[in-house]
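Structure file upload-v2.pdb (PDB, C-alpha atoms) is printed below.
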```
MODEL        1
ATOM      1  CA  MET A 735     138.937 159.374  55.024  1.00  0.00           C
ATOM      2  CA  LYS A 736     141.062 157.298  57.399  1.00  0.00           C
ATOM      3  CA  ALA A 737     140.184 155.453  60.616  1.00  0.00           C
ATOM      4  CA  VAL A 738     142.217 153.836  63.390  1.00  0.00           C
ATOM      5  CA  ILE A 739     140.694 150.707  64.970  1.00  0.00           C
ATOM      6  CA  THR A 740     142.028 148.872  68.025  1.00  0.00           C
ATOM      7  CA  GLY A 741     141.140 145.249  68.678  1.00  0.00           C
ATOM      8  CA  ALA A 742     140.581 144.771  64.951  1.00  0.00           C
ATOM      9  CA  THR A 743     141.379 141.082  64.541  1.00  0.00           C
ATOM     10  CA  SER A 744     138.012 139.652  65.594  1.00  0.00           C
ATOM     11  CA  GLY A 745     134.442 140.385  66.597  1.00  0.00           C
ATOM     12  CA  ILE A 746     133.051 143.894  66.422  1.00  0.00           C
ATOM     13  CA  GLY A 747     136.410 145.468  65.568  1.00  0.00           C
ATOM     14  CA  ARG A 748     136.934 143.220  62.575  1.00  0.00           C
ATOM     15  CA  GLU A 749     133.422 143.870  61.291  1.00  0.00           C
ATOM     16  CA  MET A 750     133.918 147.620  61.700  1.00  0.00           C
ATOM     17  CA  ALA A 751     137.080 147.410  59.618  1.00  0.00           C
ATOM     18  CA  ILE A 752     135.295 145.495  56.865  1.00  0.00           C
ATOM     19  CA  TYR A 753     132.344 147.882  56.828  1.00  0.00           C
ATOM     20  CA  LEU A 754     134.421 151.065  56.783  1.00  0.00           C
ATOM     21  CA  SER A 755     136.681 149.661  54.066  1.00  0.00           C
ATOM     22  CA  LYS A 756     133.653 148.885  51.904  1.00  0.00           C
ATOM     23  CA  LYS A 757     132.583 152.501  52.405  1.00  0.00           C
ATOM     24  CA  GLY A 758     135.936 153.631  51.010  1.00  0.00           C
ATOM     25  CA  TRP A 759     137.795 154.436  54.227  1.00  0.00           C
ATOM     26  CA  GLU A 760     141.526 153.774  54.534  1.00  0.00           C
ATOM     27  CA  LEU A 761     142.482 152.048  57.767  1.00  0.00           C
ATOM     28  CA  ILE A 762     145.135 151.639  60.423  1.00  0.00           C
ATOM     29  CA  LEU A 763     144.433 148.460  62.367  1.00  0.00           C
ATOM     30  CA  THR A 764     145.962 147.124  65.546  1.00  0.00           C
ATOM     31  CA  GLY A 765     145.589 143.990  67.614  1.00  0.00           C
ATOM     32  CA  ARG A 766     147.733 141.384  69.325  1.00  0.00           C
ATOM     33  CA  ASN A 767     147.683 138.800  66.530  1.00  0.00           C
ATOM     34  CA  THR A 768     150.008 139.702  63.649  1.00  0.00           C
ATOM     35  CA  LYS A 769     148.817 136.798  61.483  1.00  0.00           C
ATOM     36  CA  GLU A 770     145.146 137.765  61.797  1.00  0.00           C
ATOM     37  CA  LEU A 771     145.928 141.425  61.095  1.00  0.00           C
ATOM     38  CA  GLU A 772     147.694 140.481  57.871  1.00  0.00           C
ATOM     39  CA  LYS A 773     144.888 138.132  56.840  1.00  0.00           C
ATOM     40  CA  LEU A 774     142.354 140.904  57.318  1.00  0.00           C
ATOM     41  CA  LYS A 775     144.531 143.423  55.492  1.00  0.00           C
ATOM     42  CA  ARG A 776     144.679 141.171  52.414  1.00  0.00           C
ATOM     43  CA  VAL A 777     140.895 140.985  52.012  1.00  0.00           C
ATOM     44  CA  LEU A 778     140.075 144.660  52.534  1.00  0.00           C
ATOM     45  CA  PRO A 779     139.457 146.732  49.390  1.00  0.00           C
ATOM     46  CA  THR A 780     141.108 149.964  50.604  1.00  0.00           C
ATOM     47  CA  LYS A 781     144.619 150.878  51.701  1.00  0.00           C
ATOM     48  CA  THR A 782     145.258 149.375  55.116  1.00  0.00           C
ATOM     49  CA  GLU A 783     148.233 149.505  57.457  1.00  0.00           C
ATOM     50  CA  THR A 784     148.672 147.295  60.501  1.00  0.00           C
ATOM     51  CA  ILE A 785     150.683 147.386  63.702  1.00  0.00           C
ATOM     52  CA  ALA A 786     150.666 144.486  66.152  1.00  0.00           C
ATOM     53  CA  LEU A 787     150.394 145.745  69.736  1.00  0.00           C
ATOM     54  CA  ASP A 788     149.119 144.487  73.075  1.00  0.00           C
ATOM     55  CA  LEU A 789     147.423 147.476  74.683  1.00  0.00           C
ATOM     56  CA  ALA A 790     147.969 145.898  78.096  1.00  0.00           C
ATOM     57  CA  ASN A 791     151.626 146.907  77.723  1.00  0.00           C
ATOM     58  CA  HIS A 792     152.537 150.216  79.325  1.00  0.00           C
ATOM     59  CA  ASP A 793     153.716 152.095  76.229  1.00  0.00           C
ATOM     60  CA  ALA A 794     151.513 150.442  73.579  1.00  0.00           C
ATOM     61  CA  ALA A 795     148.935 153.239  73.303  1.00  0.00           C
ATOM     62  CA  PHE A 796     151.706 155.798  72.839  1.00  0.00           C
ATOM     63  CA  GLU A 797     153.324 153.544  70.207  1.00  0.00           C
ATOM     64  CA  LEU A 798     150.063 153.419  68.276  1.00  0.00           C
ATOM     65  CA  TYR A 799     149.635 157.176  68.405  1.00  0.00           C
ATOM     66  CA  LYS A 800     153.218 157.681  67.206  1.00  0.00           C
ATOM     67  CA  PHE A 801     152.640 155.201  64.372  1.00  0.00           C
ATOM     68  CA  CYS A 802     149.662 157.292  63.247  1.00  0.00           C
ATOM     69  CA  GLN A 803     151.609 160.539  63.081  1.00  0.00           C
ATOM     70  CA  GLY A 804     151.834 161.832  59.529  1.00  0.00           C
ATOM     71  CA  HIS A 805     148.473 160.256  58.701  1.00  0.00           C
ATOM     72  CA  ASP A 806     145.423 162.463  58.448  1.00  0.00           C
ATOM     73  CA  ILE A 807     143.190 160.516  60.835  1.00  0.00           C
ATOM     74  CA  ASP A 808     139.452 161.233  60.701  1.00  0.00           C
ATOM     75  CA  MET A 809     138.146 158.642  63.139  1.00  0.00           C
ATOM     76  CA  LEU A 810     139.441 156.772  66.182  1.00  0.00           C
ATOM     77  CA  ILE A 811     137.672 153.587  67.263  1.00  0.00           C
ATOM     78  CA  ASN A 812     138.716 152.343  70.712  1.00  0.00           C
ATOM     79  CA  ASN A 813     137.382 148.806  70.413  1.00  0.00           C
ATOM     80  CA  ALA A 814     139.973 146.665  72.238  1.00  0.00           C
ATOM     81  CA  GLY A 815     138.800 145.257  75.550  1.00  0.00           C
ATOM     82  CA  PHE A 816     138.214 142.068  77.525  1.00  0.00           C
ATOM     83  CA  GLY A 817     136.639 140.747  80.714  1.00  0.00           C
ATOM     84  CA  LYS A 818     137.224 138.055  83.329  1.00  0.00           C
ATOM     85  CA  TYR A 819     134.576 136.080  85.199  1.00  0.00           C
ATOM     86  CA  GLY A 820     134.979 135.257  88.891  1.00  0.00           C
ATOM     87  CA  LYS A 821     134.569 136.600  92.407  1.00  0.00           C
ATOM     88  CA  PHE A 822     136.652 139.723  93.038  1.00  0.00           C
ATOM     89  CA  SER A 823     138.481 137.994  95.909  1.00  0.00           C
ATOM     90  CA  ASP A 824     139.428 135.053  93.663  1.00  0.00           C
ATOM     91  CA  THR A 825     140.376 136.557  90.307  1.00  0.00           C
ATOM     92  CA  GLU A 826     144.037 137.131  89.534  1.00  0.00           C
ATOM     93  CA  LEU A 827     145.238 140.663  90.254  1.00  0.00           C
ATOM     94  CA  GLU A 828     147.562 140.652  87.219  1.00  0.00           C
ATOM     95  CA  ASP A 829     144.647 139.770  84.926  1.00  0.00           C
ATOM     96  CA  GLU A 830     142.658 142.680  86.328  1.00  0.00           C
ATOM     97  CA  LEU A 831     145.540 145.125  85.998  1.00  0.00           C
ATOM     98  CA  GLN A 832     145.908 144.118  82.357  1.00  0.00           C
ATOM     99  CA  MET A 833     142.160 144.588  81.897  1.00  0.00           C
ATOM    100  CA  ILE A 834     142.347 148.060  83.400  1.00  0.00           C
ATOM    101  CA  SER A 835     145.254 148.874  81.075  1.00  0.00           C
ATOM    102  CA  VAL A 836     143.310 147.805  77.976  1.00  0.00           C
ATOM    103  CA  ASN A 837     139.768 148.844  78.922  1.00  0.00           C
ATOM    104  CA  ILE A 838     140.587 152.126  80.666  1.00  0.00           C
ATOM    105  CA  ARG A 839     144.177 153.322  80.384  1.00  0.00           C
ATOM    106  CA  SER A 840     144.629 152.823  76.642  1.00  0.00           C
ATOM    107  CA  VAL A 841     141.171 154.270  75.902  1.00  0.00           C
ATOM    108  CA  HIS A 842     141.967 157.308  78.045  1.00  0.00           C
ATOM    109  CA  ILE A 843     145.359 157.906  76.422  1.00  0.00           C
ATOM    110  CA  LEU A 844     144.221 157.460  72.823  1.00  0.00           C
ATOM    111  CA  THR A 845     141.058 159.503  73.331  1.00  0.00           C
ATOM    112  CA  LYS A 846     143.034 162.427  74.777  1.00  0.00           C
ATOM    113  CA  LEU A 847     145.826 162.398  72.179  1.00  0.00           C
ATOM    114  CA  PHE A 848     143.602 162.028  69.119  1.00  0.00           C
ATOM    115  CA  LEU A 849     141.022 164.456  70.501  1.00  0.00           C
ATOM    116  CA  ARG A 850     143.667 167.154  70.721  1.00  0.00           C
ATOM    117  CA  ASP A 851     144.522 166.577  67.055  1.00  0.00           C
ATOM    118  CA  PHE A 852     140.854 166.600  66.040  1.00  0.00           C
ATOM    119  CA  ARG A 853     140.216 169.870  67.893  1.00  0.00           C
ATOM    120  CA  ARG A 854     143.126 171.533  66.106  1.00  0.00           C
ATOM    121  CA  LYS A 855     141.715 170.397  62.734  1.00  0.00           C
ATOM    122  CA  ASN A 856     138.116 171.135  63.778  1.00  0.00           C
ATOM    123  CA  ARG A 857     136.978 167.743  62.528  1.00  0.00           C
ATOM    124  CA  GLY A 858     137.041 164.157  63.697  1.00  0.00           C
ATOM    125  CA  ARG A 859     135.046 161.322  65.219  1.00  0.00           C
ATOM    126  CA  ILE A 860     135.816 159.138  68.233  1.00  0.00           C
ATOM    127  CA  LEU A 861     133.905 155.920  68.879  1.00  0.00           C
ATOM    128  CA  ASN A 862     134.611 154.291  72.235  1.00  0.00           C
ATOM    129  CA  VAL A 863     133.307 150.747  72.540  1.00  0.00           C
ATOM    130  CA  ALA A 864     131.911 150.233  76.024  1.00  0.00           C
ATOM    131  CA  SER A 865     128.988 147.934  76.874  1.00  0.00           C
ATOM    132  CA  SER A 866     125.550 147.961  78.414  1.00  0.00           C
ATOM    133  CA  ALA A 867     127.617 146.926  81.447  1.00  0.00           C
ATOM    134  CA  GLY A 868     128.665 150.570  81.568  1.00  0.00           C
ATOM    135  CA  PHE A 869     125.291 151.417  83.121  1.00  0.00           C
ATOM    136  CA  LEU A 870     125.201 148.460  85.514  1.00  0.00           C
ATOM    137  CA  THR A 871     126.873 146.708  88.451  1.00  0.00           C
ATOM    138  CA  GLY A 872     128.223 143.238  87.683  1.00  0.00           C
ATOM    139  CA  PRO A 873     128.949 140.707  90.427  1.00  0.00           C
ATOM    140  CA  LYS A 874     131.529 138.110  89.280  1.00  0.00           C
ATOM    141  CA  MET A 875     132.700 140.585  86.616  1.00  0.00           C
ATOM    142  CA  SER A 876     133.144 143.615  88.867  1.00  0.00           C
ATOM    143  CA  THR A 877     136.320 144.996  87.272  1.00  0.00           C
ATOM    144  CA  TYR A 878     134.973 144.661  83.743  1.00  0.00           C
ATOM    145  CA  TYR A 879     131.689 146.427  84.594  1.00  0.00           C
ATOM    146  CA  ALA A 880     133.569 149.156  86.460  1.00  0.00           C
ATOM    147  CA  SER A 881     135.894 149.676  83.490  1.00  0.00           C
ATOM    148  CA  LYS A 882     132.977 150.130  81.116  1.00  0.00           C
ATOM    149  CA  ASN A 883     131.288 152.557  83.543  1.00  0.00           C
ATOM    150  CA  TYR A 884     134.500 154.590  83.290  1.00  0.00           C
ATOM    151  CA  VAL A 885     134.371 154.624  79.489  1.00  0.00           C
ATOM    152  CA  VAL A 886     130.713 155.659  79.408  1.00  0.00           C
ATOM    153  CA  ARG A 887     131.076 158.492  81.937  1.00  0.00           C
ATOM    154  CA  LEU A 888     134.334 159.777  80.483  1.00  0.00           C
ATOM    155  CA  SER A 889     132.903 159.837  76.950  1.00  0.00           C
ATOM    156  CA  LEU A 890     129.690 161.571  77.985  1.00  0.00           C
ATOM    157  CA  ALA A 891     131.607 164.271  79.839  1.00  0.00           C
ATOM    158  CA  ILE A 892     133.817 164.898  76.796  1.00  0.00           C
ATOM    159  CA  ALA A 893     130.755 164.948  74.532  1.00  0.00           C
ATOM    160  CA  GLU A 894     129.273 167.779  76.592  1.00  0.00           C
ATOM    161  CA  GLU A 895     132.542 169.711  76.476  1.00  0.00           C
ATOM    162  CA  LEU A 896     132.609 169.382  72.696  1.00  0.00           C
ATOM    163  CA  ARG A 897     128.963 170.388  72.393  1.00  0.00           C
ATOM    164  CA  LYS A 898     129.672 173.616  74.261  1.00  0.00           C
ATOM    165  CA  GLU A 899     132.665 174.339  72.030  1.00  0.00           C
ATOM    166  CA  LYS A 900     130.440 174.001  68.945  1.00  0.00           C
ATOM    167  CA  ILE A 901     133.190 172.412  66.864  1.00  0.00           C
ATOM    168  CA  ASN A 902     132.988 169.638  64.285  1.00  0.00           C
ATOM    169  CA  VAL A 903     134.301 166.904  66.582  1.00  0.00           C
ATOM    170  CA  THR A 904     132.127 164.239  68.205  1.00  0.00           C
ATOM    171  CA  ILE A 905     132.607 161.353  70.617  1.00  0.00           C
ATOM    172  CA  SER A 906     130.223 158.394  70.689  1.00  0.00           C
ATOM    173  CA  THR A 907     129.989 155.403  72.990  1.00  0.00           C
ATOM    174  CA  LEU A 908     128.822 151.986  71.824  1.00  0.00           C
ATOM    175  CA  CYS A 909     126.964 150.120  74.583  1.00  0.00           C
ATOM    176  CA  PRO A 910     125.743 146.766  73.264  1.00  0.00           C
ATOM    177  CA  GLY A 911     124.403 143.879  75.261  1.00  0.00           C
ATOM    178  CA  PRO A 912     125.826 140.393  74.645  1.00  0.00           C
ATOM    179  CA  VAL A 913     127.308 140.011  71.148  1.00  0.00           C
ATOM    180  CA  ASN A 914     128.325 136.767  69.444  1.00  0.00           C
ATOM    181  CA  THR A 915     132.118 137.190  69.577  1.00  0.00           C
ATOM    182  CA  ASN A 916     135.001 135.444  71.351  1.00  0.00           C
ATOM    183  CA  PHE A 917     134.453 137.705  74.397  1.00  0.00           C
ATOM    184  CA  ASN A 918     132.682 134.948  76.328  1.00  0.00           C
ATOM    185  CA  GLU A 919     135.445 132.463  75.571  1.00  0.00           C
ATOM    186  CA  ARG A 920     138.141 134.741  76.930  1.00  0.00           C
ATOM    187  CA  SER A 921     136.140 136.025  79.899  1.00  0.00           C
ATOM    188  CA  GLY A 922     134.792 132.655  81.026  1.00  0.00           C
ATOM    189  CA  ALA A 923     131.250 134.052  81.230  1.00  0.00           C
ATOM    190  CA  SER A 924     128.013 133.168  79.510  1.00  0.00           C
ATOM    191  CA  PHE A 925     124.760 135.078  79.363  1.00  0.00           C
ATOM    192  CA  LEU A 926     121.156 133.936  79.433  1.00  0.00           C
ATOM    193  CA  ILE A 927     120.314 136.664  76.887  1.00  0.00           C
ATOM    194  CA  MET A 928     120.789 135.788  73.225  1.00  0.00           C
ATOM    195  CA  GLY A 929     123.764 137.581  71.700  1.00  0.00           C
ATOM    196  CA  MET A 930     123.457 139.946  68.733  1.00  0.00           C
ATOM    197  CA  ASN A 931     125.271 139.467  65.433  1.00  0.00           C
ATOM    198  CA  SER A 932     128.633 141.285  65.515  1.00  0.00           C
ATOM    199  CA  ARG A 933     128.247 142.545  61.946  1.00  0.00           C
ATOM    200  CA  ASP A 934     124.879 144.120  62.681  1.00  0.00           C
ATOM    201  CA  VAL A 935     126.256 145.781  65.811  1.00  0.00           C
ATOM    202  CA  ALA A 936     129.346 147.079  64.001  1.00  0.00           C
ATOM    203  CA  GLU A 937     127.474 148.561  61.060  1.00  0.00           C
ATOM    204  CA  TYR A 938     124.829 150.159  63.279  1.00  0.00           C
ATOM    205  CA  ALA A 939     127.532 151.639  65.506  1.00  0.00           C
ATOM    206  CA  ILE A 940     129.502 153.124  62.614  1.00  0.00           C
ATOM    207  CA  GLU A 941     126.461 154.811  61.100  1.00  0.00           C
ATOM    208  CA  LYS A 942     125.350 156.279  64.430  1.00  0.00           C
ATOM    209  CA  ALA A 943     128.876 157.460  65.248  1.00  0.00           C
ATOM    210  CA  LEU A 944     129.103 159.235  61.896  1.00  0.00           C
ATOM    211  CA  GLU A 945     125.849 160.972  62.824  1.00  0.00           C
ATOM    212  CA  GLY A 946     127.452 162.099  66.084  1.00  0.00           C
ATOM    213  CA  LYS A 947     125.117 160.177  68.410  1.00  0.00           C
ATOM    214  CA  TRP A 948     126.431 160.211  71.985  1.00  0.00           C
ATOM    215  CA  ILE A 949     125.179 156.821  73.236  1.00  0.00           C
ATOM    216  CA  ILE A 950     124.661 153.932  70.821  1.00  0.00           C
ATOM    217  CA  ILE A 951     122.675 150.928  72.084  1.00  0.00           C
ATOM    218  CA  PRO A 952     121.861 148.384  69.357  1.00  0.00           C
ATOM    219  CA  GLY A 953     118.581 146.508  69.658  1.00  0.00           C
ATOM    220  CA  THR A 954     115.234 147.473  71.144  1.00  0.00           C
ATOM    221  CA  PHE A 955     115.524 144.930  73.961  1.00  0.00           C
ATOM    222  CA  MET A 956     118.797 146.373  75.244  1.00  0.00           C
ATOM    223  CA  LYS A 957     117.538 149.950  74.940  1.00  0.00           C
ATOM    224  CA  LEU A 958     114.578 149.041  77.126  1.00  0.00           C
ATOM    225  CA  SER A 959     116.767 147.060  79.527  1.00  0.00           C
ATOM    226  CA  VAL A 960     119.169 149.948  80.089  1.00  0.00           C
ATOM    227  CA  PHE A 961     116.265 152.334  80.604  1.00  0.00           C
ATOM    228  CA  ALA A 962     114.596 149.965  83.085  1.00  0.00           C
ATOM    229  CA  ALA A 963     117.835 149.440  85.021  1.00  0.00           C
ATOM    230  CA  ARG A 964     117.893 153.134  85.924  1.00  0.00           C
ATOM    231  CA  HIS A 965     114.754 152.633  88.020  1.00  0.00           C
ATOM    232  CA  ILE A 966     115.835 149.465  89.864  1.00  0.00           C
ATOM    233  CA  PRO A 967     117.242 149.985  93.394  1.00  0.00           C
ATOM    234  CA  HIS A 968     120.999 149.490  93.769  1.00  0.00           C
ATOM    235  CA  SER A 969     120.340 146.799  96.363  1.00  0.00           C
ATOM    236  CA  ILE A 970     118.411 144.704  93.818  1.00  0.00           C
ATOM    237  CA  LEU A 971     120.117 145.336  90.452  1.00  0.00           C
ATOM    238  CA  PRO A 972     123.335 143.362  91.172  1.00  0.00           C
ATOM    239  CA  ALA A 973     121.296 140.265  92.024  1.00  0.00           C
ATOM    240  CA  ILE A 974     119.438 140.512  88.711  1.00  0.00           C
ATOM    241  CA  ILE A 975     122.705 140.874  86.764  1.00  0.00           C
ATOM    242  CA  SER A 976     124.186 137.918  88.641  1.00  0.00           C
ATOM    243  CA  THR A 977     121.246 135.783  87.507  1.00  0.00           C
ATOM    244  CA  ILE A 978     121.589 136.820  83.856  1.00  0.00           C
ATOM    245  CA  GLN A 979     125.324 136.050  83.615  1.00  0.00           C
ATOM    246  CA  LYS A 980     126.888 132.814  84.761  1.00  0.00           C
ATOM    247  CA  GLY A 981     130.285 131.185  84.504  1.00  0.00           C
ATOM    248  CA  ARG A 982     130.455 128.480  81.870  1.00  0.00           C
ATOM    249  CA  GLU A 983     130.862 125.847  84.579  1.00  0.00           C
ATOM    250  CA  PHE A 984     127.248 126.538  85.597  1.00  0.00           C
ATOM    251  CA  LEU A 985     125.877 126.274  82.064  1.00  0.00           C
ATOM    252  CA  ASN A 986     127.752 123.304  80.541  1.00  0.00           C
TER
ENDMDL
END
```
Now that the file is in, can you turn its structure into structure tokens?
Amino acid sequence: MKAVITGATSGIGREMAIYLSKKGWELILTGRNTKELEKLKRVLPTKTETIALDLANHDAAFELYKFCQGHDIDMLINNAGFGKYGKFSDTELEDELQMISVNIRSVHILTKLFLRDFRRKNRGRILNVASSAGFLTGPKMSTYYASKNYVVRLSLAIAEELRKEKINVTISTLCPGPVNTNFNERSGASFLIMGMNSRDVAEYAIEKALEGKWIIIPGTFMKLSVFAARHIPHSILPAIISTIQKGREFLN
């Protein structure tokens, strides 16, 4: 069995790589940091190949797919992603365009290309890493929340198409709440909710994806929170989210 993981150098992606390797999976890993990719490769017990790519670049997703040709891929994990904190009118447009490229464009491209291969083989698993933000509206992180809404809705639509085809291909979407990774450092945001352990989230997500579960929400608290959010008026929910997440300048 062989899996492709984007954003594999830290956080959830790194823990997914470690867990799958311990389960005997061979891996193709990508991320921006060549040094960290090689460090991870050296400690994994199964055959691992790496390719350093920044998925914000226009052709990077196509480069990754081409790199994987000739490999019998069984699972694609679209984990790469990032956010930026700040009012929509103030945040840098270039930062947001890069975010859209990583969080949406690359996920869309890789999902479509690998899905076509999986359908031809009549087997395969796709795990798209979104967020509980994918069910919510996020003031001060509007582009990030919108990007994760895209991933959730796209994945659910594909899941229904695959269900109707009755083939052995599944697509799952991981929607965690805050996780203890470097996401907050890069985004500039902090959350009043305690973050989950990235290893626990990664291992839970892998097992549920292998079962073919459509939506994966680790932790009872976040499951209840997402359910409750569906019943809160749109005029009130953004204010609640704004209270839960703050820029670090407000919390230091």
What separation in Å, quoted to one decimal, exists between atom CA of Val836 of chain A and atom CA of Leu944 of chain A?
->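 Those two atoms sit 24.3 Å apart.
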Here atom CA of Gly858 of chain A and atom CA of Lys947 of chain A stand apart by 13.4 Å
Tyr799 of chain A surroundings by all atoms listed in the file, 10 Å radius, close-in-sequence under 4 positions cut, as a list in words |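 Residues near the query, excluding close chain neighbours: Val738, Ala794, Ala795, Gln803, Ile843, Leu844, Leu847 and Phe848 of chain A.
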Please identify all polymer residues within 12 Å of Cys802 of chain A, counting only C-alpha atoms, omitting same-chain residues fewer than 6 positions from it, and present them as an NGL selection string.
-> :A and (736-739 or 761-764 or 783-785 or 795-796 or 808-810 or 844 or 847-848 or 851)
Close residues, Ile860 of chain A itself excluded, 9 Å, only C-alpha atoms, min 5 positions apart in chain, as a list in words | Asp808, Met809, Leu810, Ile811, Asn812, Thr845, Phe848, Leu849, Val903, Thr904, Ile905, Ser906, Thr907 and Ala943 of chain A
Rank A:Trp759, A:Lys821, A:Leu890, A:Ile951 by their smallest atom-to-atom distance to Gly872 of chain A, using only C-alpha atoms, and report the top residue only.
->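 Looking at the shortest contact to Gly872 of chain A, the residue is A:Lys821.
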Put the listed atoms of segment 826-844 of chain A in a box along x, y and z with 4 Å added on every side and give me the centre and edge lengths in Å to one decimal, as AutoDock Vina command-line options.
```
--center_x 143.7 --center_y 147.5 --center_z 81.5 --size_x 15.8 --size_y 28.8 --size_z 25.4
```
Closest of A:Gly929, A:Pro873, A:Gly953, A:Gly758 to Lys781 of chain A - atom-to-atom distances counting only C-alpha atoms |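 For Lys781 of chain A, the nearest of the candidates is A:Gly758.
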Considering all atoms listed in the file, state which residue in the set A:Tyr879, A:Phe961, A:Trp948, A:Phe822 is at the smallest distance from Leu861 of chain A.
->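 Distance minimum relative to Leu861 of chain A lands on A:Trp948.
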